[in-house]
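Colleague: As input, take structure.cif (mmCIF, C-alpha atoms):
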data_query
loop_
_atom_site.label_atom_id
_atom_site.label_comp_id
_atom_site.auth_asym_id
_atom_site.auth_seq_id
_atom_site.Cartn_x
_atom_site.Cartn_y
_atom_site.Cartn_z
CA MET X 88 75.52 48.18 211.51
CA ALA X 89 76.51 48.57 215.14
CA VAL X 90 76.11 44.83 215.67
CA VAL X 91 78.22 44.17 212.56
CA PHE X 92 80.95 46.49 213.83
CA LEU X 93 80.96 44.94 217.30
CA TRP X 94 81.17 41.47 215.75
CA GLY X 95 84.24 42.61 213.82
CA VAL X 96 85.84 43.79 217.06
CA VAL X 97 85.33 40.57 219.07
CA SER X 98 84.67 37.91 216.39
CA ALA X 99 87.86 35.89 216.90
CA ARG X 100 87.37 35.76 220.66
CA LEU X 101 83.73 34.68 220.37
CA GLU X 102 84.54 32.03 217.75
CA ARG X 103 87.10 30.53 220.13
CA ALA X 104 84.17 30.07 222.51
CA ASP X 105 82.20 28.31 219.69
CA LEU X 106 79.92 31.33 219.21
CA THR X 107 79.70 31.57 215.43
CA ALA X 108 78.35 34.50 213.42
CA PRO X 109 75.00 32.77 212.70
CA ILE X 110 74.48 32.08 216.41
CA VAL X 111 75.34 35.64 217.44
CA PHE X 112 73.34 37.41 214.72
CA THR X 113 70.30 35.17 215.07
CA ALA X 114 70.27 35.91 218.79
CA ALA X 115 70.75 39.63 218.13
CA GLY X 116 67.85 39.64 215.67
CA GLY X 117 65.59 37.91 218.17
CA LEU X 118 66.60 40.41 220.84
CA LEU X 119 65.88 43.36 218.53
CA ALA X 120 62.45 41.93 217.75
CA ALA X 121 61.71 41.28 221.42
CA THR X 122 62.56 44.87 222.36
CA GLY X 123 60.46 46.31 219.51
CA LEU X 124 63.41 47.82 217.62
CA ILE X 125 62.51 45.68 214.59
CA THR X 126 58.94 44.96 213.50
CA GLY X 127 58.04 42.06 211.27
CA PRO X 128 54.84 42.69 209.23
CA SER X 129 56.52 44.54 206.35
CA ALA X 130 59.65 42.40 206.43
CA PRO X 131 59.07 40.35 203.23
CA GLU X 132 58.82 43.43 201.00
CA VAL X 133 61.68 45.28 202.71
CA LEU X 134 63.97 42.25 202.68
CA ARG X 135 63.41 41.22 199.07
CA PRO X 136 66.47 43.00 197.55
CA LEU X 137 68.72 41.83 200.39
CA VAL X 138 67.52 38.24 200.15
CA GLU X 139 67.80 38.08 196.36
CA PHE X 140 71.23 39.73 196.17
CA THR X 141 72.51 37.47 198.93
CA LEU X 142 71.41 34.33 197.10
CA VAL X 143 72.88 35.61 193.80
CA TRP X 144 76.28 36.32 195.34
CA VAL X 145 76.32 33.08 197.36
CA LEU X 146 75.50 30.96 194.31
CA PHE X 147 78.01 32.74 192.07
CA SER X 148 80.79 32.80 194.66
CA ASP X 149 80.40 29.15 195.70
CA ALA X 150 80.36 27.96 192.08
CA ALA X 151 83.25 30.18 190.95
CA GLY X 152 85.40 29.13 193.91
CA VAL X 153 85.35 25.41 193.09
CA PRO X 154 89.01 24.27 192.87
CA TYR X 155 88.73 22.38 189.57
CA ARG X 156 92.34 21.19 189.54
CA GLU X 157 92.03 19.65 192.99
CA LEU X 158 88.84 17.73 192.19
CA ARG X 159 90.29 15.16 189.82
CA SER X 160 91.55 12.74 192.44
CA ASP X 161 88.15 12.54 194.17
CA ALA X 162 85.82 13.33 191.25
CA GLY X 163 83.96 10.05 191.77
CA LEU X 164 83.28 10.86 195.41
CA TYR X 165 81.95 14.34 194.59
CA LEU X 166 79.66 12.79 191.99
CA ARG X 167 78.43 10.30 194.57
CA LEU X 168 77.62 12.98 197.15
CA LEU X 169 76.00 15.39 194.68
CA GLY X 170 74.49 12.94 192.20
CA ILE X 171 73.23 10.28 194.63
CA GLY X 172 73.36 11.66 198.17
CA LEU X 173 71.72 15.03 197.42
CA PRO X 174 68.74 13.65 195.42
CA LEU X 175 68.16 11.00 198.09
CA THR X 176 68.14 13.72 200.75
CA VAL X 177 65.59 15.77 198.77
CA LEU X 178 63.34 12.75 198.20
CA ALA X 179 63.55 11.63 201.82
CA GLY X 180 62.81 15.14 203.07
CA TRP X 181 59.89 15.45 200.65
CA GLY X 182 58.40 12.11 201.73
CA LEU X 183 58.82 12.81 205.45
CA ALA X 184 57.23 16.27 205.08
CA LEU X 185 54.22 14.77 203.26
CA TRP X 186 53.83 12.14 205.96
CA LEU X 187 54.20 14.39 209.01
CA PHE X 188 52.44 17.45 207.53
CA PRO X 189 49.80 16.28 205.03
CA GLY X 190 48.31 19.78 205.00
CA LEU X 191 51.36 21.08 203.13
CA GLY X 192 50.44 19.32 199.92
CA ILE X 193 52.86 18.03 197.30
CA TRP X 194 54.46 21.35 196.32
CA LEU X 195 55.14 22.83 199.75
CA ALA X 196 56.42 19.46 200.98
CA LEU X 197 58.82 19.41 198.02
CA LEU X 198 59.85 22.96 198.91
CA VAL X 199 60.72 21.82 202.44
CA GLY X 200 62.69 18.79 201.22
CA ALA X 201 64.64 20.76 198.62
CA ALA X 202 65.25 23.86 200.75
CA LEU X 203 66.74 21.75 203.55
CA ALA X 204 68.97 19.62 201.31
CA PRO X 205 71.83 22.13 200.72
CA THR X 206 74.56 22.33 203.34
CA ASP X 207 76.44 25.37 204.60
CA ALA X 208 80.11 24.91 205.49
CA ALA X 209 80.14 28.32 207.20
CA LEU X 210 78.10 26.91 210.10
CA GLY X 211 80.90 24.44 210.76
CA LEU X 212 83.75 26.82 210.03
CA ALA X 213 85.96 25.15 212.62
CA VAL X 214 85.76 21.96 210.57
CA VAL X 215 86.93 23.37 207.23
CA THR X 216 89.62 25.57 208.79
CA ASN X 217 90.97 23.10 211.37
CA ARG X 218 94.20 21.70 209.92
CA VAL X 219 93.98 18.67 212.18
CA VAL X 220 91.14 17.46 209.94
CA PRO X 221 92.62 15.77 206.83
CA PRO X 222 92.65 18.10 203.79
CA ARG X 223 90.71 15.56 201.74
CA ILE X 224 87.76 15.64 204.14
CA ARG X 225 87.84 19.43 204.46
CA ARG X 226 87.82 19.69 200.68
CA LEU X 227 84.89 17.27 200.36
CA ILE X 228 82.76 19.21 202.84
CA THR X 229 83.64 22.58 201.30
CA VAL X 230 83.07 21.61 197.66
CA GLU X 231 79.84 19.75 198.44
CA SER X 232 78.55 22.80 200.28
CA GLY X 233 79.61 25.06 197.43
CA LEU X 234 77.72 23.12 194.77
CA ASN X 235 74.68 21.56 196.39
CA ASP X 236 72.87 24.88 196.91
CA GLY X 237 73.04 25.62 193.19
CA ILE X 238 71.91 22.09 192.31
CA ALA X 239 68.97 22.32 194.73
CA THR X 240 67.91 25.77 193.53
CA PRO X 241 66.02 24.54 190.39
CA VAL X 242 64.00 22.15 192.55
CA VAL X 243 63.17 24.94 195.02
CA MET X 244 62.14 27.30 192.20
CA PHE X 245 60.02 24.54 190.61
CA ALA X 246 58.32 23.83 193.95
CA LEU X 247 57.65 27.53 194.54
CA ALA X 248 56.12 27.86 191.06
CA GLY X 249 53.95 24.79 191.64
CA ALA X 250 52.77 26.01 195.04
CA ALA X 251 51.99 29.51 193.74
CA SER X 252 50.12 28.07 190.75
CA ALA X 253 48.15 25.68 192.96
CA GLU X 254 47.14 28.55 195.23
CA GLY X 255 46.08 30.63 192.23
CA ALA X 256 48.58 33.40 192.92
CA GLU X 257 48.24 36.20 190.38
CA GLY X 258 50.94 36.10 187.69
CA ALA X 259 52.52 32.93 189.12
CA PRO X 260 54.29 30.76 186.49
CA GLY X 261 53.15 27.17 186.21
CA PRO X 262 55.59 24.24 186.52
CA GLY X 263 56.07 24.09 182.74
CA GLU X 264 56.85 27.79 182.52
CA ALA X 265 59.18 27.45 185.51
CA LEU X 266 61.15 24.73 183.71
CA ALA X 267 61.50 26.98 180.65
CA GLU X 268 62.76 29.79 182.88
CA LEU X 269 65.34 27.45 184.41
CA GLY X 270 66.63 26.53 180.94
CA VAL X 271 66.88 30.17 179.84
CA GLY X 272 68.66 31.02 183.07
CA ALA X 273 71.21 28.23 182.67
CA VAL X 274 72.09 29.20 179.09
CA THR X 275 72.24 32.91 179.91
CA GLY X 276 74.45 32.29 182.92
CA VAL X 277 76.91 30.10 181.02
CA VAL X 278 77.25 32.64 178.21
CA ILE X 279 77.77 35.59 180.57
CA GLY X 280 80.15 33.65 182.84
CA LEU X 281 82.28 32.41 179.95
CA ALA X 282 82.44 35.86 178.37
CA GLY X 283 83.19 37.57 181.68
CA GLY X 284 85.93 35.11 182.66
CA PHE X 285 87.53 35.26 179.21
CA LEU X 286 87.48 39.08 179.04
CA LEU X 287 88.84 39.56 182.56
CA ASN X 288 91.58 36.98 182.02
CA ARG X 289 92.60 38.59 178.73
CA ALA X 290 92.47 42.12 180.17
CA ARG X 291 94.62 41.04 183.11
CA ARG X 292 97.28 39.57 180.84
CA ARG X 293 97.43 42.77 178.79
CA ARG X 294 97.48 44.91 181.95
CA TRP X 295 94.27 46.69 180.97
CA ALA X 296 92.51 45.92 184.28
CA ALA X 297 93.33 47.90 187.42
CA GLU X 298 94.05 45.29 190.05
CA GLU X 299 92.16 47.07 192.84
CA PHE X 300 88.97 47.14 190.76
CA THR X 301 88.79 43.56 189.46
CA GLY X 302 86.95 42.35 192.57
CA VAL X 303 84.25 44.96 192.01
CA ALA X 304 84.00 43.80 188.39
CA VAL X 305 83.36 40.21 189.49
CA LEU X 306 80.76 41.40 191.98
CA ALA X 307 78.99 43.22 189.15
CA LEU X 308 79.29 40.23 186.80
CA ALA X 309 77.20 38.12 189.18
CA LEU X 310 74.44 40.74 189.08
CA VAL X 311 74.75 41.04 185.30
CA ALA X 312 74.05 37.31 185.02
CA TYR X 313 71.03 37.64 187.31
CA THR X 314 69.48 40.74 185.73
CA GLY X 315 70.33 39.59 182.18
CA SER X 316 68.48 36.34 182.74
CA VAL X 317 65.47 38.07 184.31
CA ALA X 318 65.33 40.45 181.32
CA LEU X 319 65.12 37.38 179.04
CA HIS X 320 62.38 35.84 181.24
CA GLY X 321 64.77 33.32 182.70
CA ASN X 322 65.57 32.34 186.28
CA GLY X 323 68.19 34.72 187.64
CA PHE X 324 69.38 32.45 190.45
CA ILE X 325 70.20 29.58 188.12
CA ALA X 326 71.93 32.10 185.85
CA ALA X 327 74.10 33.28 188.75
CA PHE X 328 75.12 29.72 189.64
CA CYS X 329 75.90 28.71 186.05
CA ALA X 330 77.76 31.99 185.48
CA GLY X 331 79.91 31.25 188.53
CA LEU X 332 80.78 27.79 187.23
CA ALA X 333 81.67 29.19 183.79
CA PHE X 334 83.62 32.11 185.24
CA GLY X 335 85.65 29.82 187.48
CA ALA X 336 86.55 27.64 184.49
CA THR X 337 87.76 30.52 182.27
CA SER X 338 89.04 33.27 184.57
CA GLY X 339 92.55 31.87 184.93
CA GLU X 340 94.86 31.56 187.94
CA ARG X 341 93.94 34.94 189.46
CA GLY X 342 90.25 34.13 189.45
CA ALA X 343 90.24 32.89 193.04
CA ALA X 344 91.98 36.06 194.31
CA GLU X 345 89.47 38.23 192.47
CA LEU X 346 86.64 36.51 194.35
CA ALA X 347 87.89 37.90 197.68
CA PHE X 348 85.91 41.15 197.44
CA LEU X 349 82.79 39.23 196.41
CA LYS X 350 83.28 36.90 199.36
CA GLN X 351 83.60 39.81 201.79
CA THR X 352 80.46 41.43 200.41
CA GLU X 353 78.66 38.09 200.64
CA ASP X 354 79.77 37.76 204.27
CA LEU X 355 78.36 41.21 205.09
CA VAL X 356 74.94 40.62 203.54
CA SER X 357 74.88 37.15 205.10
CA LEU X 358 75.20 38.70 208.56
CA LEU X 359 72.23 40.94 207.80
CA VAL X 360 70.19 37.95 206.63
CA TRP X 361 70.97 36.08 209.86
CA LEU X 362 69.91 39.18 211.79
CA ALA X 363 66.64 39.27 209.84
CA PHE X 364 66.22 35.55 210.46
CA GLY X 365 66.37 36.07 214.19
CA ALA X 366 63.99 39.04 214.03
CA ILE X 367 61.37 37.40 211.82
CA ALA X 368 61.65 33.68 212.35
CA ILE X 369 61.87 33.47 216.12
CA PRO X 370 58.50 35.27 216.64
CA VAL X 371 56.98 33.00 213.95
CA LEU X 372 58.28 29.96 215.82
CA ALA X 373 56.71 31.12 219.04
CA GLY X 374 53.28 30.69 217.48
CA ARG X 375 53.79 27.64 215.23
CA ALA X 376 56.52 25.38 216.63
CA ASP X 377 55.33 21.99 217.90
CA LEU X 378 56.72 18.52 218.55
CA LEU X 379 56.15 17.32 214.97
CA ILE X 380 58.14 20.24 213.54
CA LEU X 381 60.89 19.63 216.09
CA LEU X 382 60.92 15.92 215.16
CA TYR X 383 61.25 16.77 211.47
CA GLY X 384 64.14 19.12 212.22
CA LEU X 385 65.99 16.49 214.23
CA LEU X 386 65.47 13.81 211.57
CA SER X 387 66.50 16.23 208.80
CA LEU X 388 69.84 16.93 210.51
CA THR X 389 70.53 13.27 211.29
CA LEU X 390 68.85 10.38 209.48
CA LEU X 391 67.79 12.30 206.34
CA ARG X 392 71.35 13.56 205.83
CA MET X 393 73.55 10.81 207.22
CA LEU X 394 71.84 7.81 205.61
CA PRO X 395 72.06 9.22 202.02
CA VAL X 396 75.71 10.11 202.64
CA ALA X 397 76.39 6.56 203.87
CA LEU X 398 74.59 5.00 200.88
CA SER X 399 76.30 7.25 198.35
CA THR X 400 79.79 6.52 199.72
CA LEU X 401 79.49 2.72 199.80
CA GLY X 402 82.59 1.26 198.20
CA SER X 403 84.39 4.61 198.14
CA GLY X 404 87.14 3.56 200.56
CA LEU X 405 86.12 5.98 203.32
CA ASP X 406 86.07 4.47 206.80
CA ARG X 407 83.05 4.59 209.09
CA ALA X 408 84.32 7.52 211.16
CA SER X 409 84.87 9.62 208.03
CA VAL X 410 81.40 8.82 206.66
CA LEU X 411 79.79 9.73 209.98
CA PHE X 412 81.84 12.93 210.18
CA ILE X 413 80.85 14.04 206.67
CA GLY X 414 77.25 13.04 207.31
CA TRP X 415 76.98 15.02 210.54
CA PHE X 416 78.67 18.13 209.17
CA GLY X 417 75.96 18.87 206.67
CA PRO X 418 74.63 21.94 208.48
CA ARG X 419 71.60 23.76 207.08
CA GLY X 420 72.30 27.45 206.87
CA LEU X 421 72.17 30.47 204.64
CA ALA X 422 70.80 28.87 201.45
CA SER X 423 67.94 27.16 203.32
CA LEU X 424 67.19 30.39 205.13
CA VAL X 425 67.13 32.44 201.92
CA PHE X 426 64.84 29.87 200.28
CA ALA X 427 62.46 30.21 203.24
CA LEU X 428 62.46 34.01 202.97
CA LEU X 429 61.79 33.75 199.22
CA ALA X 430 58.83 31.48 199.98
CA LEU X 431 57.55 34.00 202.52
CA GLU X 432 57.85 36.79 199.96
CA THR X 433 56.23 34.72 197.16
CA LEU X 434 53.47 32.86 199.01
CA GLY X 435 52.87 34.93 202.13
CA SER X 436 50.94 33.27 204.95
CA GLN X 437 50.15 30.22 202.77
CA ALA X 438 53.71 29.04 203.35
CA ASP X 439 53.76 29.62 207.11
CA GLU X 440 53.90 25.93 208.08
CA ALA X 441 56.61 25.13 205.53
CA ILE X 442 58.61 28.16 206.65
CA ALA X 443 58.23 27.10 210.28
CA VAL X 444 59.64 23.64 209.47
CA ILE X 445 62.61 25.13 207.60
CA THR X 446 63.16 27.72 210.33
CA VAL X 447 63.19 25.20 213.19
CA THR X 448 65.62 22.97 211.28
CA VAL X 449 67.99 25.84 210.51
CA LEU X 450 67.83 27.08 214.11
CA LEU X 451 68.62 23.61 215.44
CA SER X 452 71.50 23.37 212.96
CA VAL X 453 72.89 26.76 213.95
CA LEU X 454 73.12 25.61 217.55
CA ALA X 455 74.06 21.93 217.11
CA HIS X 456 76.66 22.37 214.37
CA GLY X 457 77.96 25.67 215.69
CA PHE X 458 78.77 24.28 219.13
CA SER X 459 79.93 20.83 217.96
CA ALA X 460 82.22 21.91 215.09
CA GLY X 461 85.31 22.67 217.16
CA PRO X 462 85.31 19.71 219.56
CA LEU X 463 84.33 17.07 216.98
CA ALA X 464 86.79 18.38 214.37
CA THR X 465 89.64 18.15 216.87
CA ARG X 466 88.59 14.69 218.02
CA TYR X 467 88.15 13.33 214.49
CA GLY X 468 91.36 14.94 213.22
CA THR X 469 93.41 13.51 216.08
CA ARG X 470 91.96 10.05 215.45
CA SER X 471 92.63 10.28 211.71
CA SER X 472 96.25 11.26 212.26
CA ARG X 473 96.72 8.01 214.17
CA GLN X 474 94.72 5.87 211.72
CA PRO X 475 95.07 7.26 208.19
CA PHE X 476 92.21 6.11 205.96
CA GLY X 477 93.57 6.96 202.52
CA PRO X 478 95.14 9.71 200.41
CA VAL X 479 94.86 13.22 201.85
#
Transcribe the structure of this file into structure tokens.
Modeller:
Amino acid sequence: MAVVFLWGVVSARLERADLTAPIVFTAAGGLLAATGLITGPSAPEVLRPLVEFTLVWVLFSDAAGVPYRELRSDAGLYLRLLGIGLPLTVLAGWGLALWLFPGLGIWLALLVGAALAPTDAALGLAVVTNRVVPPRIRRLITVESGLNDGIATPVVMFALAGAASAEGAEGAPGPGEALAELGVGAVTGVVIGLAGGFLLNRARRRRWAAEEFTGVAVLALALVAYTGSVALHGNGFIAAFCAGLAFGATSGERGAAELAFLKQTEDLVSLLVWLAFGAIAIPVLAGRADLLILLYGLLSLTLLRMLPVALSTLGSGLDRASVLFIGWFGPRGLASLVFALLALETLGSQADEAIAVITVTVLLSVLAHGFSAGPLATRYGTRSSRQPFGPV
């Protein structure tokens, strides 16, 4: 809490020096672990509520915050990135993991490929907030980041179920059961999100809802979707994502404002997850990191991301600089990290190598995208203002 408070005091100054929250809190976590103030052995059990709540709120908030009205002009491009680029990234990551780390097996390799496919716009905050960058490109990066974690979540859950079943984990659902849970979660989430958005919108119009409490209500609605789905033997994370999509579609014009409290809560728990990442992952890396893992991380952030983006945007009208810019600013962040912590909690030491691969990639992304966001955004934005590439 002291680290969180100090970050609040000096955050703007540090961000001007390209020191983002993930960089600072990862370093702080590593420092706490190195000095013995945090110990790691019991971390998976202690962190489970934090990790699960964080993923629920991230999925719901990202989905609910999608600006539906602004998507129409570039709907085809979003479909290209999410319907072609994202699956290609998962498949490429899966294949590369199987090739470089044959000991992982099919399921853990799929876990690595799927967990490292979602992007995190928060790691490149200077890109999506820098007004020199054309609004169209900022919107593309933000919306893609907001939706691809929810789309990748079913694949991650399926891979976790397959890996747990293959290892004979007690009570682990098989792949077929996992698919059924995903379906139940999707239906439950849609129903709860539609009902919640409709009720809140109607209550607001009739002045039944106290304005200062609506944000808390939305925060609770995300957890209702999660726990309701779990109670029905469905997947709570898929329920949270689908509930967010449905809520955003039915909550009316004030819906975005009511997400502010949820976003602030999400930001707080995210800082704690980054702190835990530094405390747990950095010691793990010290014992498992090698050149092959480093190679995978570098390829994941470059070729495995940029090539699918280039292929999916062929014929879209974007120029080469824009395609390269979007391809590079696909940082791996909070969602990938939470997936790794879920794997650690579910599979224990059996997932150590997969977690090490994910951890190295996220750590490389924290540094590379954190430090490059400001300079590259300014350079690209200045160039685009001189050579407009299309509607913004």
Colleague: Determine the nearest neighbour of Leu118 (chain X) from the options X:Gly365, X:His320, X:Ala196, X:Gly468, counting all atoms listed in the file.
Modeller: X:Gly365
Colleague: In Å, how far is it from CA of Thr206 (chain X) to CA of Ala248 (chain X)?
Modeller: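 A separation of 22.8 Å between them.
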Colleague: For Ala304 (chain X), work out the shell of residues within 10 Å, counting only C-alpha atoms and skipping chain neighbours fewer than 6 positions away, then give it as a list in words.
Modeller: Gly283, Leu287, Ala296, Glu345, Leu346, Phe348 and Leu349 of chain X
Colleague: Might you pull out every residue within 12 Å of Gly182 (chain X), with all atoms listed in the file counted and same-chain residues fewer than 2 positions away left off, and present them as an MDAnalysis selection string?
Modeller: chainID X and resid 175:180 184:189 191:201 383 387 391
Colleague: Take the residues that were just selected and, keeping C-alpha atoms, output them as a short mmCIF file (atom, residue, chain, number, x, y, z; two decimals), in the coordinates of the input.
Modeller:
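Wrote it out as again_36.cif, contents follow:
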data_model
loop_
_atom_site.label_atom_id
_atom_site.label_comp_id
_atom_site.auth_asym_id
_atom_site.auth_seq_id
_atom_site.Cartn_x
_atom_site.Cartn_y
_atom_site.Cartn_z
CA LEU X 175 68.16 11.00 198.09
CA THR X 176 68.14 13.72 200.75
CA VAL X 177 65.59 15.77 198.77
CA LEU X 178 63.34 12.75 198.20
CA ALA X 179 63.55 11.63 201.82
CA GLY X 180 62.81 15.14 203.07
CA ALA X 184 57.23 16.27 205.08
CA LEU X 185 54.22 14.77 203.26
CA TRP X 186 53.83 12.14 205.96
CA LEU X 187 54.20 14.39 209.01
CA PHE X 188 52.44 17.45 207.53
CA PRO X 189 49.80 16.28 205.03
CA LEU X 191 51.36 21.08 203.13
CA GLY X 192 50.44 19.32 199.92
CA ILE X 193 52.86 18.03 197.30
CA TRP X 194 54.46 21.35 196.32
CA LEU X 195 55.14 22.83 199.75
CA ALA X 196 56.42 19.46 200.98
CA LEU X 197 58.82 19.41 198.02
CA LEU X 198 59.85 22.96 198.91
CA VAL X 199 60.72 21.82 202.44
CA GLY X 200 62.69 18.79 201.22
CA ALA X 201 64.64 20.76 198.62
CA TYR X 383 61.25 16.77 211.47
CA SER X 387 66.50 16.23 208.80
CA LEU X 391 67.79 12.30 206.34
#
Colleague: Using all atoms listed in the file, which of the listed residues (X:Leu124, X:Leu401, X:Ala151, X:Leu381) sits closest to Cys329 (chain X)?
Modeller: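 With all atoms listed in the file as the atom set, the closest residue is X:Ala151.
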Colleague: What lies within 8 Å of Pro418 (chain X) using all atoms listed in the file, ignoring chain neighbours under 4 positions off, as a PDB file with C-alpha atoms, in the coordinates of the input?
Modeller:
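The resulting file, result_14.pdb, is shown below:
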ATOM      1  CA  THR X 206      74.560  22.330 203.340  1.00  0.00           C
ATOM      2  CA  ASP X 207      76.440  25.370 204.600  1.00  0.00           C
ATOM      3  CA  ALA X 208      80.110  24.910 205.490  1.00  0.00           C
ATOM      4  CA  LEU X 210      78.100  26.910 210.100  1.00  0.00           C
ATOM      5  CA  GLY X 211      80.900  24.440 210.760  1.00  0.00           C
ATOM      6  CA  LEU X 388      69.840  16.930 210.510  1.00  0.00           C
ATOM      7  CA  VAL X 449      67.990  25.840 210.510  1.00  0.00           C
ATOM      8  CA  SER X 452      71.500  23.370 212.960  1.00  0.00           C
ATOM      9  CA  VAL X 453      72.890  26.760 213.950  1.00  0.00           C
ATOM     10  CA  HIS X 456      76.660  22.370 214.370  1.00  0.00           C
TER      11      HIS X 456
END
Colleague: Go through the shown structure with the PyMOL selection byres ((chain X and resi 239) around 10) and write out the matching residues as a PyMOL selection string.
Modeller: chain X and resi 169+173-174+177+200-205+234-238+240-244+325+422-423
Colleague: Expand the PyMOL selection byres ((chain X and resi 112) around 9) into the individual residues it matches in the shown file, reporting them as a ChimeraX atom specification.
Modeller: /X:90-91,94,107-111,113-117,358-365
Colleague: Using all atoms listed in the file, pick whichever of X:Trp295, X:Phe334, X:Tyr467, X:Phe300 has the shortest atom-to-atom distance to Val410 (chain X).
Modeller: X:Tyr467
Colleague: The PyMOL selection byres ((chain X and resi 144) around 9) on the file shown: which residues, as a list in words?
Modeller: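 Expected selection for the PyMOL selection byres ((chain X and resi 144) around 9) here is Glu139, Phe140, Thr141, Leu142, Val143, Val145, Leu146, Phe147, Ser148, Asp149, Leu306, Ala309, Leu310, Ala327, Phe328, Leu349, Lys350, Thr352 and Glu353 of chain X.
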Colleague: For those residues, write C-alpha atoms to a file as a compact mmCIF listing (two decimals), in the coordinates of the input.
Modeller:
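This is the output file part-v7.txt:
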# COMPACT_ATOMS: atom_id res chain seq x y z
CA GLU X 139 67.80 38.08 196.36
CA PHE X 140 71.23 39.73 196.17
CA THR X 141 72.51 37.47 198.93
CA LEU X 142 71.41 34.33 197.10
CA VAL X 143 72.88 35.61 193.80
CA VAL X 145 76.32 33.08 197.36
CA LEU X 146 75.50 30.96 194.31
CA PHE X 147 78.01 32.74 192.07
CA SER X 148 80.79 32.80 194.66
CA ASP X 149 80.40 29.15 195.70
CA LEU X 306 80.76 41.40 191.98
CA ALA X 309 77.20 38.12 189.18
CA LEU X 310 74.44 40.74 189.08
CA ALA X 327 74.10 33.28 188.75
CA PHE X 328 75.12 29.72 189.64
CA LEU X 349 82.79 39.23 196.41
CA LYS X 350 83.28 36.90 199.36
CA THR X 352 80.46 41.43 200.41
CA GLU X 353 78.66 38.09 200.64
Colleague: Quote the spacing between CA of Asp439 (chain X) and CA of Ile125 (chain X) in Å to one decimal place.
Modeller: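 Computing it gives 19.8 Å between the two atoms.
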Colleague: Separation of CA of Ser316 (chain X) and CA of Gly170 (chain X), in Å?
Modeller: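 CA of Gly170 (chain X) lies 25.9 Å from CA of Ser316 (chain X).
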Colleague: Around (77.6, 30.7, 184.4), as given in the file, which residues come within 7 Å? Count all atoms listed in the file and list them as a list in words.
Modeller: Gly276, Val277, Val278, Ile279, Gly280, Leu281, Ala326, Ala327, Phe328, Cys329, Ala330, Gly331, Leu332, Ala333 and Phe334 of chain X
Colleague: Identify which of the residues X:Ile228, X:Leu183, X:Leu269, X:Ala251 lies closest to Leu382 (chain X), counting only C-alpha atoms when measuring atom-to-atom distances.
Modeller: X:Leu183
Colleague: Identify which of the residues X:Gly123, X:Val356, X:Leu227, X:Leu385 lies closest to Thr400 (chain X), counting all atoms listed in the file when measuring atom-to-atom distances.
Modeller: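 Under the stated criterion, the closest residue is X:Leu227.
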Colleague: Between X:Ala464, X:Ala104, X:Leu378, X:Ala307, single out the one closest to Val447 (chain X), counting all atoms listed in the file.
Modeller: X:Leu378
Colleague: Name the residues in contact with Gly284 (chain X) at a cut-off of 9 Å, using only C-alpha atoms, excluding same-chain residues fewer than 6 positions from it; report them as a PyMOL selection string.
Modeller: chain X and resi 305+333-339+342
Colleague: I need region 311-340 of chain X from the structure I supplied, saved as a short mmCIF file (atom, residue, chain, number, x, y, z; two decimals), in the first residue's frame with C-alpha atoms retained.
Modeller:
data_model
loop_
_atom_site.label_atom_id
_atom_site.label_comp_id
_atom_site.auth_asym_id
_atom_site.auth_seq_id
_atom_site.Cartn_x
_atom_site.Cartn_y
_atom_site.Cartn_z
CA VAL X 311 -22.49 -11.37 -10.15
CA ALA X 312 -21.80 -12.60 -13.69
CA TYR X 313 -18.72 -14.49 -12.51
CA THR X 314 -20.22 -16.09 -9.41
CA GLY X 315 -23.56 -16.78 -11.13
CA SER X 316 -21.80 -18.69 -13.88
CA VAL X 317 -19.65 -20.65 -11.42
CA ALA X 318 -22.79 -21.58 -9.47
CA LEU X 319 -24.24 -23.02 -12.70
CA HIS X 320 -20.98 -24.93 -13.40
CA GLY X 321 -19.99 -22.51 -16.13
CA ASN X 322 -16.78 -20.57 -16.77
CA GLY X 323 -16.89 -17.35 -14.77
CA PHE X 324 -14.29 -15.50 -16.84
CA ILE X 325 -16.18 -15.99 -20.10
CA ALA X 326 -19.33 -14.92 -18.26
CA ALA X 327 -17.64 -11.69 -17.15
CA PHE X 328 -16.50 -10.88 -20.69
CA CYS X 329 -19.88 -11.63 -22.28
CA ALA X 330 -21.66 -9.71 -19.51
CA GLY X 331 -19.47 -6.70 -20.25
CA LEU X 332 -20.31 -6.82 -23.95
CA ALA X 333 -24.04 -7.11 -23.20
CA PHE X 334 -23.93 -4.40 -20.53
CA GLY X 335 -22.15 -1.99 -22.87
CA ALA X 336 -24.79 -2.56 -25.53
CA THR X 337 -27.79 -1.90 -23.24
CA SER X 338 -26.63 0.49 -20.51
CA GLY X 339 -27.25 3.67 -22.50
CA GLU X 340 -25.22 6.87 -22.85
#
